[in-house]
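> The structure follows.
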Amino acid sequence: MTAPTPLIAGNWKMNGVAASLAEAKAVAAGLDGVTARVALCPSATLIAQMAWTLKDTAVAVGGQDCRVEASGAFTGDVAAEQVKDAGASLVILGHSERRAGYGETDALVSAKAQAALRAGLEPIVCVGETLEQRKAGEALAVVTGQVRGSLPAELVGKAFSVAYEPVWAIGTGLTPTIPEIEEVHLAIRATLVEQFGEAGKSVAILYGGSVKPSNAAEILHADEVGGALVGGASLKADDFLGIIRAL
Ligand code: PGA
């Protein structure tokens, strides 16, 4: 089984308007010689414009969430089919901000991953422990439990990635040590192989949480780190390119 192609994905969260597409264009213009896959995941309102802006470039576009149902009376929600139709090829699922803010469970994230597959979207499924869980020595159990519960069997052999994002490292400037990251990524890999067999070896395991140009190289070269999910530092093309180029 081949090693996964690294993926560097930017999560713009609830930031960005049409004028911000200049940053997306600048990312695309700075990718000469880059072999990693690169994606930007803006708010649903910007997916179509960004996909149009980035067509014929190496930057893929992703959504930040989707609903399980394909259509219906769900005011304010967006179906995986709509995310795909707007021009996205990937979708972030189970981000801790959604798990915490909207009570998203592993079972719901798993159902969303099935919806993403149904729509032809590649899921990026997020997992990660809170600071309390880490302090209690539960990080590995929590994260591997989330991996088991959030990834449906239908993903076997399909393109998807897992993003390990310790909740306490998101937007805080704090990051785990490299050995701590490697310990969790190795445990995720073992869980993926247990769940998906040989196919589990070719799933990219991204790290996310306060990745920036100054720490990207050591994180991206750590054992079993197959890329990054980048929040704040993906909003400015120079910072995001600094991370991409650190690979
Ligand atoms: P951050 O966010 O890079 O701003 O810490 C990462 C994420 O939430 O995906």
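Ligands are numbered from 1 in the order shown, chains are lettered A, B, ... in the order of the structure tokens, and residues start at 1 in each chain.
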How would you write, as a PyMOL selection string, the set of residues in region 9-179 of chain A that DSSP gives as alpha helix (DSSP H)?
chain A and resi 21-29+44-53+80-85+96-102+106-119+131-135+139-150+178-179
> Can you work out which residues are within 8 Å of ligand 1, considering only C-alpha atoms and all ligand atoms, and then hand them over as a ChimeraX atom specification?
/A:10-11,13,95-97,165,169-173,208-212,229-234
> Find the spatial neighbours of Asp106 (chain A), counting only C-alpha atoms, within a cut-off of 12 Å - ignore same-chain residues fewer than 6 positions away - and output them as a ChimeraX atom specification.
/A:93-96,98-100,112-113,125-128,142-152
> Nearest residue to Asp238 (chain A) out of A:Arg67, A:Arg189, A:Lys25, A:Lys55, using only C-alpha atoms?
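Of A:Arg67, A:Arg189, A:Lys25, A:Lys55, the one nearest Asp238 (chain A) is A:Lys25, counting only C-alpha atoms.
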> Report as a PyMOL selection string: the residues of region 6-239 of chain A with a DSSP assignment of strand (DSSP E), based on the backbone of this structure.
chain A and resi 7-11+37-41+59-63+90-93+122-127+161-164+204-208+227-230
> Can you write just those residues out, N, CA and C atoms, as an mmCIF file, in the first residue's frame?

```cif
data_model
loop_
_atom_site.group_PDB
_atom_site.id
_atom_site.type_symbol
_atom_site.label_atom_id
_atom_site.label_comp_id
_atom_site.auth_asym_id
_atom_site.auth_seq_id
_atom_site.Cartn_x
_atom_site.Cartn_y
_atom_site.Cartn_z
ATOM 1 N N LEU A 7 -1.543 16.175 2.659
ATOM 2 C CA LEU A 7 -2.603 17.159 2.384
ATOM 3 C C LEU A 7 -2.449 18.318 3.367
ATOM 4 N N ILE A 8 -2.398 19.519 2.842
ATOM 5 C CA ILE A 8 -2.404 20.708 3.701
ATOM 6 C C ILE A 8 -3.715 21.439 3.407
ATOM 7 N N ALA A 9 -4.587 21.464 4.396
ATOM 8 C CA ALA A 9 -5.905 22.066 4.196
ATOM 9 C C ALA A 9 -6.060 23.274 5.110
ATOM 10 N N GLY A 10 -6.593 24.339 4.559
ATOM 11 C CA GLY A 10 -6.849 25.547 5.341
ATOM 12 C C GLY A 10 -8.323 25.615 5.715
ATOM 13 N N ASN A 11 -8.582 25.835 6.989
ATOM 14 C CA ASN A 11 -9.957 25.948 7.491
ATOM 15 C C ASN A 11 -10.196 27.421 7.821
ATOM 16 N N ARG A 37 -0.891 17.923 -1.670
ATOM 17 C CA ARG A 37 -2.215 18.395 -2.064
ATOM 18 C C ARG A 37 -2.545 19.592 -1.177
ATOM 19 N N VAL A 38 -3.178 20.588 -1.757
ATOM 20 C CA VAL A 38 -3.510 21.801 -1.006
ATOM 21 C C VAL A 38 -5.005 22.084 -1.174
ATOM 22 N N ALA A 39 -5.656 22.433 -0.075
ATOM 23 C CA ALA A 39 -7.089 22.750 -0.134
ATOM 24 C C ALA A 39 -7.393 23.939 0.754
ATOM 25 N N LEU A 40 -8.441 24.661 0.410
ATOM 26 C CA LEU A 40 -8.961 25.730 1.257
ATOM 27 C C LEU A 40 -10.442 25.460 1.502
ATOM 28 N N CYS A 41 -10.847 25.601 2.751
ATOM 29 C CA CYS A 41 -12.236 25.313 3.134
ATOM 30 C C CYS A 41 -12.866 26.583 3.699
ATOM 31 N N VAL A 59 -5.267 24.124 -6.239
ATOM 32 C CA VAL A 59 -5.901 24.232 -4.921
ATOM 33 C C VAL A 59 -7.336 23.704 -4.992
ATOM 34 N N ALA A 60 -7.621 22.699 -4.174
ATOM 35 C CA ALA A 60 -8.981 22.160 -4.099
ATOM 36 C C ALA A 60 -9.776 22.976 -3.091
ATOM 37 N N VAL A 61 -11.093 22.885 -3.191
ATOM 38 C CA VAL A 61 -11.968 23.623 -2.279
ATOM 39 C C VAL A 61 -12.766 22.628 -1.446
ATOM 40 N N GLY A 62 -12.930 22.955 -0.168
ATOM 41 C CA GLY A 62 -13.692 22.072 0.709
ATOM 42 C C GLY A 62 -14.731 22.837 1.500
ATOM 43 N N GLY A 63 -15.749 22.122 1.970
ATOM 44 C CA GLY A 63 -16.715 22.702 2.888
ATOM 45 C C GLY A 63 -16.255 22.475 4.318
ATOM 46 N N LEU A 90 -13.932 18.367 -1.145
ATOM 47 C CA LEU A 90 -13.679 17.823 0.199
ATOM 48 C C LEU A 90 -14.659 18.441 1.190
ATOM 49 N N VAL A 91 -14.714 17.862 2.384
ATOM 50 C CA VAL A 91 -15.511 18.489 3.444
ATOM 51 C C VAL A 91 -14.928 18.117 4.813
ATOM 52 N N ILE A 92 -14.756 19.127 5.659
ATOM 53 C CA ILE A 92 -14.322 18.900 7.047
ATOM 54 C C ILE A 92 -15.536 18.421 7.833
ATOM 55 N N LEU A 93 -15.373 17.376 8.632
ATOM 56 C CA LEU A 93 -16.482 16.867 9.448
ATOM 57 C C LEU A 93 -16.033 16.657 10.884
ATOM 58 N N GLU A 122 -14.753 14.122 -0.422
ATOM 59 C CA GLU A 122 -13.727 13.438 0.377
ATOM 60 C C GLU A 122 -13.746 14.001 1.794
ATOM 61 N N PRO A 123 -14.077 13.186 2.787
ATOM 62 C CA PRO A 123 -14.153 13.717 4.147
ATOM 63 C C PRO A 123 -12.778 13.911 4.810
ATOM 64 N N ILE A 124 -12.691 14.967 5.604
ATOM 65 C CA ILE A 124 -11.569 15.170 6.532
ATOM 66 C C ILE A 124 -12.219 15.092 7.914
ATOM 67 N N VAL A 125 -12.021 13.992 8.601
ATOM 68 C CA VAL A 125 -12.745 13.764 9.858
ATOM 69 C C VAL A 125 -11.850 14.158 11.032
ATOM 70 N N CYS A 126 -12.343 15.089 11.866
ATOM 71 C CA CYS A 126 -11.539 15.628 12.961
ATOM 72 C C CYS A 126 -11.788 14.886 14.275
ATOM 73 N N VAL A 127 -10.715 14.695 15.009
ATOM 74 C CA VAL A 127 -10.775 14.093 16.343
ATOM 75 C C VAL A 127 -9.807 14.860 17.237
ATOM 76 N N SER A 161 -9.325 11.562 4.991
ATOM 77 C CA SER A 161 -8.226 11.737 5.933
ATOM 78 C C SER A 161 -8.799 11.980 7.321
ATOM 79 N N VAL A 162 -7.924 11.798 8.301
ATOM 80 C CA VAL A 162 -8.276 12.038 9.699
ATOM 81 C C VAL A 162 -7.415 13.202 10.165
ATOM 82 N N ALA A 163 -8.016 14.164 10.856
ATOM 83 C CA ALA A 163 -7.228 15.276 11.396
ATOM 84 C C ALA A 163 -7.214 15.184 12.915
ATOM 85 N N TYR A 164 -6.009 15.030 13.474
ATOM 86 C CA TYR A 164 -5.871 15.043 14.934
ATOM 87 C C TYR A 164 -5.698 16.490 15.380
ATOM 88 N N ALA A 204 -4.224 9.588 5.036
ATOM 89 C CA ALA A 204 -3.372 10.648 5.587
ATOM 90 C C ALA A 204 -3.917 11.066 6.958
ATOM 91 N N ILE A 205 -3.020 11.165 7.931
ATOM 92 C CA ILE A 205 -3.399 11.638 9.265
ATOM 93 C C ILE A 205 -2.810 13.043 9.423
ATOM 94 N N LEU A 206 -3.688 14.032 9.408
ATOM 95 C CA LEU A 206 -3.249 15.427 9.494
ATOM 96 C C LEU A 206 -3.140 15.835 10.952
ATOM 97 N N TYR A 207 -2.264 16.793 11.225
ATOM 98 C CA TYR A 207 -2.235 17.410 12.551
ATOM 99 C C TYR A 207 -2.847 18.806 12.415
ATOM 100 N N GLY A 208 -3.629 19.220 13.397
ATOM 101 C CA GLY A 208 -4.171 20.574 13.406
ATOM 102 C C GLY A 208 -4.163 21.150 14.804
ATOM 103 N N GLY A 227 0.277 15.654 6.911
ATOM 104 C CA GLY A 227 -0.227 16.945 6.478
ATOM 105 C C GLY A 227 -0.783 17.728 7.644
ATOM 106 N N ALA A 228 -1.479 18.817 7.336
ATOM 107 C CA ALA A 228 -1.973 19.690 8.406
ATOM 108 C C ALA A 228 -3.332 20.260 8.057
ATOM 109 N N LEU A 229 -4.113 20.499 9.111
ATOM 110 C CA LEU A 229 -5.353 21.268 8.992
ATOM 111 C C LEU A 229 -5.070 22.580 9.721
ATOM 112 N N VAL A 230 -5.118 23.662 8.978
ATOM 113 C CA VAL A 230 -4.626 24.949 9.473
ATOM 114 C C VAL A 230 -5.777 25.940 9.574
#
```
> Which residue, A:Asn15, A:Thr57, A:Thr45, A:Gln195, has the smallest gap to Leu31 (chain A) when you use only C-alpha atoms?
A:Thr57
> So that I can see what lies close to Glu224 (chain A), please list as a PyMOL selection string the residues with an atom at most 7 Å from it, counting only C-alpha atoms and leaving out residues fewer than 4 positions away in the same chain.
chain A and resi 182+185-186+205
